[in-house]
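Reproduced below: upload.txt, with compact mmCIF, N, CA and C atoms.
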# COMPACT_ATOMS: atom_id res chain seq x y z
N MET A 480 36.96 -110.21 36.27
CA MET A 480 35.89 -110.30 37.25
C MET A 480 35.21 -111.67 37.14
N THR A 481 35.00 -112.29 38.25
CA THR A 481 34.32 -113.58 38.30
C THR A 481 32.81 -113.36 38.22
N GLU A 482 32.16 -114.20 37.42
CA GLU A 482 30.70 -114.11 37.30
C GLU A 482 30.04 -114.57 38.60
N LYS A 483 29.03 -113.85 39.02
CA LYS A 483 28.17 -114.29 40.12
C LYS A 483 26.78 -114.43 39.52
N ILE A 484 26.28 -115.64 39.51
CA ILE A 484 25.06 -115.97 38.78
C ILE A 484 23.85 -115.97 39.71
N GLY A 485 22.79 -115.37 39.23
CA GLY A 485 21.49 -115.43 39.88
C GLY A 485 20.57 -116.31 39.06
N ILE A 486 19.68 -117.01 39.72
CA ILE A 486 18.67 -117.81 39.03
C ILE A 486 17.31 -117.37 39.55
N LEU A 487 16.44 -117.00 38.60
CA LEU A 487 15.07 -116.61 38.92
C LEU A 487 14.14 -117.72 38.46
N ALA A 488 13.55 -118.43 39.42
CA ALA A 488 12.56 -119.47 39.12
C ALA A 488 11.20 -118.79 39.00
N ILE A 489 10.60 -118.89 37.82
CA ILE A 489 9.34 -118.19 37.56
C ILE A 489 8.18 -119.17 37.55
N GLY A 490 7.23 -118.95 38.47
CA GLY A 490 6.04 -119.78 38.54
C GLY A 490 4.83 -119.03 37.99
N HIS A 491 3.78 -119.75 37.75
CA HIS A 491 2.55 -119.15 37.23
C HIS A 491 1.90 -118.25 38.28
N GLY A 492 1.79 -118.77 39.49
CA GLY A 492 1.07 -118.07 40.55
C GLY A 492 -0.33 -118.62 40.67
N SER A 493 -0.85 -118.58 41.88
CA SER A 493 -2.17 -119.16 42.14
C SER A 493 -2.75 -118.56 43.41
N ARG A 494 -4.06 -118.63 43.54
CA ARG A 494 -4.70 -118.22 44.79
C ARG A 494 -4.49 -119.28 45.86
N LEU A 495 -4.11 -120.48 45.46
CA LEU A 495 -3.88 -121.58 46.39
C LEU A 495 -2.43 -121.53 46.87
N PRO A 496 -2.22 -121.31 48.15
CA PRO A 496 -0.86 -121.16 48.67
C PRO A 496 0.08 -122.31 48.33
N TYR A 497 -0.43 -123.54 48.32
CA TYR A 497 0.43 -124.69 48.05
C TYR A 497 1.09 -124.60 46.68
N ASN A 498 0.36 -124.14 45.68
CA ASN A 498 0.92 -124.04 44.33
C ASN A 498 2.12 -123.10 44.30
N ASN A 499 2.05 -122.01 45.02
CA ASN A 499 3.16 -121.06 45.08
C ASN A 499 4.30 -121.62 45.93
N GLN A 500 3.94 -122.34 46.97
CA GLN A 500 4.93 -122.93 47.86
C GLN A 500 5.82 -123.92 47.10
N VAL A 501 5.24 -124.65 46.15
CA VAL A 501 6.02 -125.61 45.37
C VAL A 501 7.16 -124.91 44.64
N VAL A 502 6.87 -123.79 44.00
CA VAL A 502 7.90 -123.05 43.27
C VAL A 502 8.95 -122.51 44.23
N SER A 503 8.51 -121.96 45.35
CA SER A 503 9.44 -121.44 46.35
C SER A 503 10.31 -122.55 46.93
N GLU A 504 9.73 -123.72 47.16
CA GLU A 504 10.50 -124.85 47.68
C GLU A 504 11.53 -125.34 46.67
N ILE A 505 11.16 -125.34 45.40
CA ILE A 505 12.12 -125.72 44.35
C ILE A 505 13.30 -124.74 44.37
N ALA A 506 13.01 -123.45 44.46
CA ALA A 506 14.07 -122.44 44.52
C ALA A 506 14.95 -122.67 45.75
N ASP A 507 14.33 -122.98 46.89
CA ASP A 507 15.08 -123.24 48.12
C ASP A 507 15.98 -124.47 47.97
N MET A 508 15.48 -125.50 47.30
CA MET A 508 16.29 -126.72 47.08
C MET A 508 17.51 -126.41 46.23
N ILE A 509 17.32 -125.60 45.20
CA ILE A 509 18.45 -125.22 44.35
C ILE A 509 19.46 -124.43 45.17
N ALA A 510 18.97 -123.48 45.97
CA ALA A 510 19.86 -122.64 46.78
C ALA A 510 20.66 -123.49 47.77
N LYS A 511 20.02 -124.48 48.37
CA LYS A 511 20.70 -125.33 49.34
C LYS A 511 21.79 -126.17 48.68
N LYS A 512 21.49 -126.67 47.49
CA LYS A 512 22.43 -127.55 46.79
C LYS A 512 23.54 -126.75 46.09
N HIS A 513 23.24 -125.51 45.73
CA HIS A 513 24.20 -124.67 44.98
C HIS A 513 24.34 -123.30 45.64
N PRO A 514 24.97 -123.24 46.81
CA PRO A 514 25.03 -121.97 47.56
C PRO A 514 25.84 -120.87 46.87
N GLU A 515 26.60 -121.22 45.84
CA GLU A 515 27.37 -120.21 45.12
C GLU A 515 26.50 -119.37 44.19
N PHE A 516 25.25 -119.77 43.99
CA PHE A 516 24.30 -119.03 43.17
C PHE A 516 23.34 -118.26 44.07
N VAL A 517 22.78 -117.19 43.53
CA VAL A 517 21.75 -116.43 44.24
C VAL A 517 20.42 -116.82 43.60
N ILE A 518 19.52 -117.38 44.40
CA ILE A 518 18.27 -117.92 43.88
C ILE A 518 17.09 -117.10 44.38
N ARG A 519 16.18 -116.79 43.47
CA ARG A 519 14.95 -116.09 43.79
C ARG A 519 13.80 -116.77 43.06
N SER A 520 12.58 -116.56 43.55
CA SER A 520 11.40 -117.02 42.82
C SER A 520 10.43 -115.86 42.68
N GLY A 521 9.70 -115.87 41.58
CA GLY A 521 8.70 -114.84 41.30
C GLY A 521 7.55 -115.45 40.52
N PHE A 522 6.44 -114.72 40.47
CA PHE A 522 5.22 -115.28 39.89
C PHE A 522 4.60 -114.36 38.85
N MET A 523 3.97 -114.99 37.88
CA MET A 523 3.32 -114.26 36.79
C MET A 523 2.07 -113.50 37.27
N GLU A 524 1.26 -114.15 38.07
CA GLU A 524 -0.01 -113.53 38.48
C GLU A 524 -0.50 -114.11 39.80
N MET A 525 -1.36 -113.39 40.46
CA MET A 525 -2.07 -113.80 41.67
C MET A 525 -1.18 -114.06 42.88
N SER A 526 0.11 -113.84 42.79
CA SER A 526 1.02 -114.17 43.88
C SER A 526 2.15 -113.16 43.95
N THR A 527 2.79 -113.14 45.11
CA THR A 527 3.96 -112.28 45.27
C THR A 527 5.13 -113.13 45.73
N PRO A 528 6.33 -112.72 45.39
CA PRO A 528 6.63 -111.51 44.62
C PRO A 528 6.34 -111.72 43.13
N SER A 529 6.04 -110.63 42.46
CA SER A 529 5.86 -110.69 41.02
C SER A 529 7.22 -110.95 40.36
N VAL A 530 7.22 -111.26 39.10
CA VAL A 530 8.47 -111.46 38.37
C VAL A 530 9.33 -110.20 38.48
N GLU A 531 8.71 -109.03 38.30
CA GLU A 531 9.45 -107.77 38.38
C GLU A 531 10.05 -107.56 39.76
N GLU A 532 9.26 -107.81 40.82
CA GLU A 532 9.75 -107.65 42.19
C GLU A 532 10.89 -108.62 42.48
N ALA A 533 10.74 -109.85 42.02
CA ALA A 533 11.78 -110.86 42.24
C ALA A 533 13.07 -110.46 41.52
N MET A 534 12.93 -109.92 40.31
CA MET A 534 14.11 -109.49 39.56
C MET A 534 14.85 -108.39 40.33
N LEU A 535 14.10 -107.43 40.85
CA LEU A 535 14.71 -106.33 41.59
C LEU A 535 15.31 -106.79 42.92
N SER A 536 14.87 -107.94 43.44
CA SER A 536 15.39 -108.42 44.71
C SER A 536 16.83 -108.95 44.59
N PHE A 537 17.35 -109.01 43.38
CA PHE A 537 18.76 -109.36 43.20
C PHE A 537 19.67 -108.18 43.54
N ALA A 538 19.10 -106.99 43.73
CA ALA A 538 19.90 -105.82 44.10
C ALA A 538 20.65 -106.11 45.40
N GLY A 539 21.88 -105.70 45.46
CA GLY A 539 22.69 -105.89 46.65
C GLY A 539 23.34 -107.25 46.76
N THR A 540 23.10 -108.13 45.80
CA THR A 540 23.67 -109.48 45.86
C THR A 540 24.97 -109.59 45.07
N GLY A 541 25.22 -108.63 44.20
CA GLY A 541 26.44 -108.67 43.38
C GLY A 541 26.35 -109.57 42.17
N VAL A 542 25.14 -110.02 41.82
CA VAL A 542 25.04 -110.88 40.63
C VAL A 542 25.49 -110.12 39.39
N THR A 543 26.12 -110.86 38.48
CA THR A 543 26.58 -110.27 37.23
C THR A 543 25.78 -110.79 36.04
N LYS A 544 25.02 -111.86 36.25
CA LYS A 544 24.17 -112.42 35.21
C LYS A 544 23.03 -113.15 35.89
N ILE A 545 21.83 -113.09 35.29
CA ILE A 545 20.66 -113.76 35.85
C ILE A 545 20.06 -114.69 34.80
N ALA A 546 19.83 -115.93 35.19
CA ALA A 546 19.12 -116.89 34.34
C ALA A 546 17.68 -116.95 34.84
N ALA A 547 16.76 -116.52 34.00
CA ALA A 547 15.33 -116.59 34.32
C ALA A 547 14.80 -117.90 33.74
N VAL A 548 14.29 -118.77 34.61
CA VAL A 548 13.87 -120.09 34.17
C VAL A 548 12.42 -120.33 34.59
N PRO A 549 11.54 -120.57 33.60
CA PRO A 549 10.13 -120.83 33.95
C PRO A 549 9.94 -122.22 34.54
N VAL A 550 9.22 -122.27 35.66
CA VAL A 550 8.88 -123.55 36.28
C VAL A 550 7.51 -123.94 35.74
N PHE A 551 7.49 -124.20 34.45
CA PHE A 551 6.31 -124.59 33.70
C PHE A 551 6.68 -125.85 32.95
N LEU A 552 5.71 -126.72 32.72
CA LEU A 552 6.01 -127.95 32.01
C LEU A 552 6.27 -127.71 30.52
N ALA A 553 5.45 -126.88 29.89
CA ALA A 553 5.57 -126.69 28.44
C ALA A 553 5.36 -125.22 28.08
N SER A 554 5.71 -124.89 26.86
CA SER A 554 5.55 -123.51 26.37
C SER A 554 4.09 -123.18 26.14
N GLY A 555 3.76 -121.94 26.40
CA GLY A 555 2.45 -121.38 26.15
C GLY A 555 2.63 -119.88 26.06
N VAL A 556 1.55 -119.15 26.16
CA VAL A 556 1.61 -117.69 26.01
C VAL A 556 2.50 -117.05 27.07
N HIS A 557 2.43 -117.50 28.30
CA HIS A 557 3.29 -116.92 29.33
C HIS A 557 4.77 -117.10 28.97
N ILE A 558 5.12 -118.28 28.49
CA ILE A 558 6.52 -118.59 28.19
C ILE A 558 7.01 -117.84 26.95
N THR A 559 6.19 -117.84 25.91
CA THR A 559 6.64 -117.28 24.64
C THR A 559 6.43 -115.78 24.50
N LYS A 560 5.46 -115.22 25.25
CA LYS A 560 5.14 -113.80 25.07
C LYS A 560 5.23 -113.00 26.36
N ASP A 561 4.49 -113.41 27.39
CA ASP A 561 4.35 -112.60 28.60
C ASP A 561 5.66 -112.42 29.37
N ILE A 562 6.34 -113.52 29.68
CA ILE A 562 7.57 -113.42 30.44
C ILE A 562 8.64 -112.64 29.67
N PRO A 563 8.87 -112.94 28.38
CA PRO A 563 9.85 -112.14 27.63
C PRO A 563 9.52 -110.64 27.62
N GLU A 564 8.23 -110.30 27.57
CA GLU A 564 7.85 -108.88 27.61
C GLU A 564 8.14 -108.26 28.98
N ILE A 565 7.81 -108.98 30.05
CA ILE A 565 8.07 -108.47 31.40
C ILE A 565 9.57 -108.23 31.60
N LEU A 566 10.37 -109.18 31.13
CA LEU A 566 11.82 -109.09 31.31
C LEU A 566 12.49 -108.21 30.25
N LYS A 567 11.69 -107.72 29.30
CA LYS A 567 12.20 -106.87 28.22
C LYS A 567 13.33 -107.56 27.45
N LEU A 568 13.06 -108.80 27.07
CA LEU A 568 14.05 -109.59 26.35
C LEU A 568 14.00 -109.31 24.85
N ASP A 569 15.14 -109.37 24.22
CA ASP A 569 15.21 -109.28 22.76
C ASP A 569 14.55 -110.54 22.21
N PRO A 570 13.58 -110.39 21.28
CA PRO A 570 12.86 -111.56 20.76
C PRO A 570 13.75 -112.59 20.06
N GLU A 571 14.85 -112.14 19.48
CA GLU A 571 15.72 -113.07 18.76
C GLU A 571 16.73 -113.75 19.67
N THR A 572 17.35 -113.00 20.56
CA THR A 572 18.41 -113.57 21.40
C THR A 572 17.90 -114.12 22.72
N LYS A 573 16.68 -113.74 23.11
CA LYS A 573 16.10 -114.13 24.41
C LYS A 573 16.98 -113.65 25.56
N GLN A 574 17.61 -112.51 25.35
CA GLN A 574 18.44 -111.90 26.39
C GLN A 574 17.99 -110.47 26.62
N GLY A 575 18.32 -109.94 27.78
CA GLY A 575 17.99 -108.57 28.10
C GLY A 575 18.91 -108.04 29.17
N LYS A 576 18.58 -106.89 29.70
CA LYS A 576 19.37 -106.24 30.75
C LYS A 576 18.43 -105.71 31.81
N VAL A 577 18.90 -105.69 33.05
CA VAL A 577 18.19 -105.07 34.15
C VAL A 577 19.21 -104.21 34.88
N LYS A 578 18.77 -103.07 35.34
CA LYS A 578 19.67 -102.18 36.07
C LYS A 578 19.57 -102.51 37.56
N LEU A 579 20.70 -102.92 38.14
CA LEU A 579 20.79 -103.26 39.55
C LEU A 579 22.02 -102.58 40.14
N ASP A 580 21.84 -101.90 41.23
CA ASP A 580 22.96 -101.27 41.93
C ASP A 580 23.77 -100.36 41.00
N GLY A 581 23.08 -99.67 40.10
CA GLY A 581 23.74 -98.73 39.21
C GLY A 581 24.48 -99.35 38.04
N ARG A 582 24.30 -100.62 37.82
CA ARG A 582 24.95 -101.26 36.67
C ARG A 582 23.98 -102.17 35.94
N GLU A 583 24.29 -102.43 34.68
CA GLU A 583 23.44 -103.31 33.89
C GLU A 583 23.85 -104.76 34.09
N VAL A 584 22.86 -105.60 34.35
CA VAL A 584 23.07 -107.02 34.55
C VAL A 584 22.34 -107.75 33.42
N THR A 585 23.04 -108.69 32.80
CA THR A 585 22.47 -109.46 31.71
C THR A 585 21.47 -110.48 32.23
N ILE A 586 20.34 -110.61 31.53
CA ILE A 586 19.34 -111.63 31.81
C ILE A 586 19.33 -112.59 30.63
N VAL A 587 19.41 -113.88 30.91
CA VAL A 587 19.25 -114.91 29.89
C VAL A 587 18.02 -115.72 30.26
N TYR A 588 17.36 -116.27 29.25
CA TYR A 588 16.07 -116.91 29.46
C TYR A 588 16.15 -118.40 29.16
N GLY A 589 15.77 -119.21 30.14
CA GLY A 589 15.78 -120.65 29.97
C GLY A 589 14.48 -121.20 29.41
N LYS A 590 14.50 -122.44 29.06
CA LYS A 590 13.33 -123.13 28.52
C LYS A 590 12.48 -123.68 29.66
N PRO A 591 11.20 -123.97 29.38
CA PRO A 591 10.38 -124.65 30.39
C PRO A 591 10.91 -126.08 30.60
N LEU A 592 10.34 -126.78 31.55
CA LEU A 592 10.84 -128.10 31.91
C LEU A 592 10.84 -129.07 30.74
N GLY A 593 9.77 -129.10 29.98
CA GLY A 593 9.71 -129.95 28.79
C GLY A 593 9.77 -131.43 29.11
N SER A 594 10.03 -132.22 28.08
CA SER A 594 10.16 -133.67 28.29
C SER A 594 11.62 -133.96 28.62
N ASP A 595 11.81 -134.69 29.70
CA ASP A 595 13.15 -134.94 30.20
C ASP A 595 13.13 -136.24 30.99
N GLU A 596 14.21 -136.98 30.96
CA GLU A 596 14.31 -138.24 31.72
C GLU A 596 13.99 -138.04 33.20
N LEU A 597 14.44 -136.91 33.75
CA LEU A 597 14.18 -136.66 35.18
C LEU A 597 12.69 -136.53 35.47
N ILE A 598 11.96 -135.89 34.57
CA ILE A 598 10.51 -135.74 34.75
C ILE A 598 9.82 -137.09 34.55
N ALA A 599 10.28 -137.85 33.57
CA ALA A 599 9.71 -139.19 33.35
C ALA A 599 9.91 -140.06 34.59
N GLU A 600 11.09 -140.00 35.19
CA GLU A 600 11.36 -140.77 36.40
C GLU A 600 10.48 -140.32 37.56
N LEU A 601 10.28 -139.01 37.67
CA LEU A 601 9.42 -138.50 38.74
C LEU A 601 7.97 -138.96 38.55
N ILE A 602 7.48 -138.96 37.34
CA ILE A 602 6.12 -139.44 37.08
C ILE A 602 6.01 -140.93 37.42
N PHE A 603 7.03 -141.68 37.04
CA PHE A 603 7.04 -143.11 37.37
C PHE A 603 7.06 -143.30 38.89
N LYS A 604 7.86 -142.50 39.58
CA LYS A 604 7.90 -142.56 41.06
C LYS A 604 6.54 -142.26 41.65
N ARG A 605 5.86 -141.23 41.15
CA ARG A 605 4.51 -140.89 41.66
C ARG A 605 3.52 -142.03 41.39
N ALA A 606 3.65 -142.70 40.25
CA ALA A 606 2.78 -143.85 39.96
C ALA A 606 3.04 -144.98 40.95
N GLN A 607 4.31 -145.24 41.24
CA GLN A 607 4.66 -146.30 42.19
C GLN A 607 4.13 -145.99 43.58
N GLU A 608 4.09 -144.73 43.95
CA GLU A 608 3.63 -144.34 45.28
C GLU A 608 2.17 -144.72 45.53
N VAL A 609 1.38 -144.83 44.50
CA VAL A 609 -0.04 -145.11 44.69
C VAL A 609 -0.36 -146.61 44.68
N PHE A 610 0.64 -147.45 44.44
CA PHE A 610 0.42 -148.91 44.47
C PHE A 610 0.66 -149.46 45.84
This entry written out as structure tokens:
Amino acid sequence: MTEKIGILAIGHGSRLPYNNQVVSEIADMIAKKHPEFVIRSGFMEMSTPSVEEAMLSFAGTGVTKIAAVPVFLASGVHITKDIPEILKLDPETKQGKVKLDGREVTIVYGKPLGSDELIAELIFKRAQEVF
């Protein structure tokens, strides 16, 4: 069986629509560039869909594995505690299972954005934009 991968982009959530739109737009960009993947976005708080709702929205897509990736710059309580609890991940392996369409689908957990050349370049680009 060929793997069909889902990616769940997890944002913090905000009362300000633009903050949520950024996460959704990032998910849309990934989907456009990588149509062979099933992309969803979900939020920790104050926004919909919730992480749980977004996870369940993979039903009917045929995904065989889901990568949950936080759209956060660095680790904090949401990254290290809250999201793993919501996704029911094993604390040691950072993996879990979700039942979709009557079968168990593996969830793997990615790291936050962290320090990366791409982020450094983006910050430099934003600095250049204001000159």
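Closest to Phe551 (chain A) among A:Lys573, A:Lys590, A:Arg494, A:Lys512 is A:Lys590, based on all atoms listed in the file.
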Select from region 496-608 of chain A every residue with an atom at most 5 Å from any atom of region 486-489 of chain A, then for each give the shortest pair of atoms and their distance in Å to one decimal, using only N, CA and C atoms, rows by chain and rising number, as a tab-separated table.
residue	atom	partner	partner_atom	distance
A:Val517	C	A:Ile486	N	4.0
A:Ile518	CA	A:Ile486	C	4.5
A:Arg519	C	A:Ala488	N	4.0
A:Ser520	CA	A:Ala488	C	4.2
A:Gly521	N	A:Ala488	C	4.2
A:Ala546	C	A:Leu487	N	4.0
A:Ala547	CA	A:Leu487	N	4.4
A:Val548	C	A:Ile489	N	4.0
A:Pro549	CA	A:Ile489	N	4.4
A:Val550	N	A:Ile489	C	3.8
Export N, CA and C atoms of the chosen residues as an mmCIF file, keeping the file's coordinate frame?
data_model
loop_
_atom_site.group_PDB
_atom_site.id
_atom_site.type_symbol
_atom_site.label_atom_id
_atom_site.label_comp_id
_atom_site.auth_asym_id
_atom_site.auth_seq_id
_atom_site.Cartn_x
_atom_site.Cartn_y
_atom_site.Cartn_z
ATOM 1 N N VAL A 517 22.780 -117.190 43.530
ATOM 2 C CA VAL A 517 21.750 -116.430 44.240
ATOM 3 C C VAL A 517 20.420 -116.820 43.600
ATOM 4 N N ILE A 518 19.520 -117.380 44.400
ATOM 5 C CA ILE A 518 18.270 -117.920 43.880
ATOM 6 C C ILE A 518 17.090 -117.100 44.380
ATOM 7 N N ARG A 519 16.180 -116.790 43.470
ATOM 8 C CA ARG A 519 14.950 -116.090 43.790
ATOM 9 C C ARG A 519 13.800 -116.770 43.060
ATOM 10 N N SER A 520 12.580 -116.560 43.550
ATOM 11 C CA SER A 520 11.400 -117.020 42.820
ATOM 12 C C SER A 520 10.430 -115.860 42.680
ATOM 13 N N GLY A 521 9.700 -115.870 41.580
ATOM 14 C CA GLY A 521 8.700 -114.840 41.300
ATOM 15 C C GLY A 521 7.550 -115.450 40.520
ATOM 16 N N ALA A 546 19.830 -115.930 35.190
ATOM 17 C CA ALA A 546 19.120 -116.890 34.340
ATOM 18 C C ALA A 546 17.680 -116.950 34.840
ATOM 19 N N ALA A 547 16.760 -116.520 34.000
ATOM 20 C CA ALA A 547 15.330 -116.590 34.320
ATOM 21 C C ALA A 547 14.800 -117.900 33.740
ATOM 22 N N VAL A 548 14.290 -118.770 34.610
ATOM 23 C CA VAL A 548 13.870 -120.090 34.170
ATOM 24 C C VAL A 548 12.420 -120.330 34.590
ATOM 25 N N PRO A 549 11.540 -120.570 33.600
ATOM 26 C CA PRO A 549 10.130 -120.830 33.950
ATOM 27 C C PRO A 549 9.940 -122.220 34.540
ATOM 28 N N VAL A 550 9.220 -122.270 35.660
ATOM 29 C CA VAL A 550 8.880 -123.550 36.280
ATOM 30 C C VAL A 550 7.510 -123.940 35.740
#
Practice task
Return the single residue from A:Thr543, A:Gln607, A:Asn498, A:Ser503 that is closest to Pro528 (chain A), with distances computed using only C-alpha atoms.
Solution key: A:Ser503
Handout entry: For Lys544 (chain A), the nearest of the candidates A:Ile484, A:Leu592, A:Met525, A:Ala506, counting only C-alpha atoms
Key =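 Answer, going by the shortest atom-to-atom distance: A:Ile484.
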Exercise for the section: Looking only at strand (DSSP E) from DSSP on the backbone, list the matching residues of chain A as a VMD selection string. Expected result: chain A and resid 484 to 490 517 to 522 544 to 549 574 to 579 582 to 588
Practice task
Show which residues sit within 9 Å of Val577 (chain A), as a list of chain:residue names. Count only C-alpha atoms, and ignore same-chain residues fewer than 5 positions away.
Solution key: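 Final neighbour list, sorted by chain and number: A:Met534, A:Leu535, A:Leu566, A:Lys567, A:Arg582, A:Glu583, A:Val584, A:Thr585, A:Ile586.
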Problem - Among the residues A:Val530, A:Val587, A:Met523, A:Val501, the one that comes closest to His557 (chain A) [using all atoms listed in the file] - result: A:Met523
Exercise for the section: May I have all residues of chain A that DSSP, computed from the backbone, assigns to helix (DSSP H, G or I), given as a PyMOL selection string? Expected result: chain A and resi 496-512+530-535+556-565+596-608
Practice task
Can you work out the spacing between atom N of Lys483 (chain A) and atom C of Ile562 (chain A) in Å, to one decimal?
Solution key: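 That distance, rounded to one decimal, is 22.5 Å.
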Handout entry: Residue nearest Tyr497 (chain A) - candidates A:Ser526, A:Glu564, A:Thr572, A:Glu515, atoms counted: only C-alpha atoms
Key =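 Looking only at the distances to Tyr497 (chain A), the closest residue turns out to be A:Ser526.
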Exercise for the section: Identify, on the basis of only N, CA and C atoms, every residue whose closest approach to Glu524 (chain A) does not exceed 6.5 Å; exclude the query and any residue fewer than 3 positions from it along the same chain; express the result as a list in words. Expected result: Gly490, His491, Gly492, Ser493, Thr527 and Ser529 of chain A
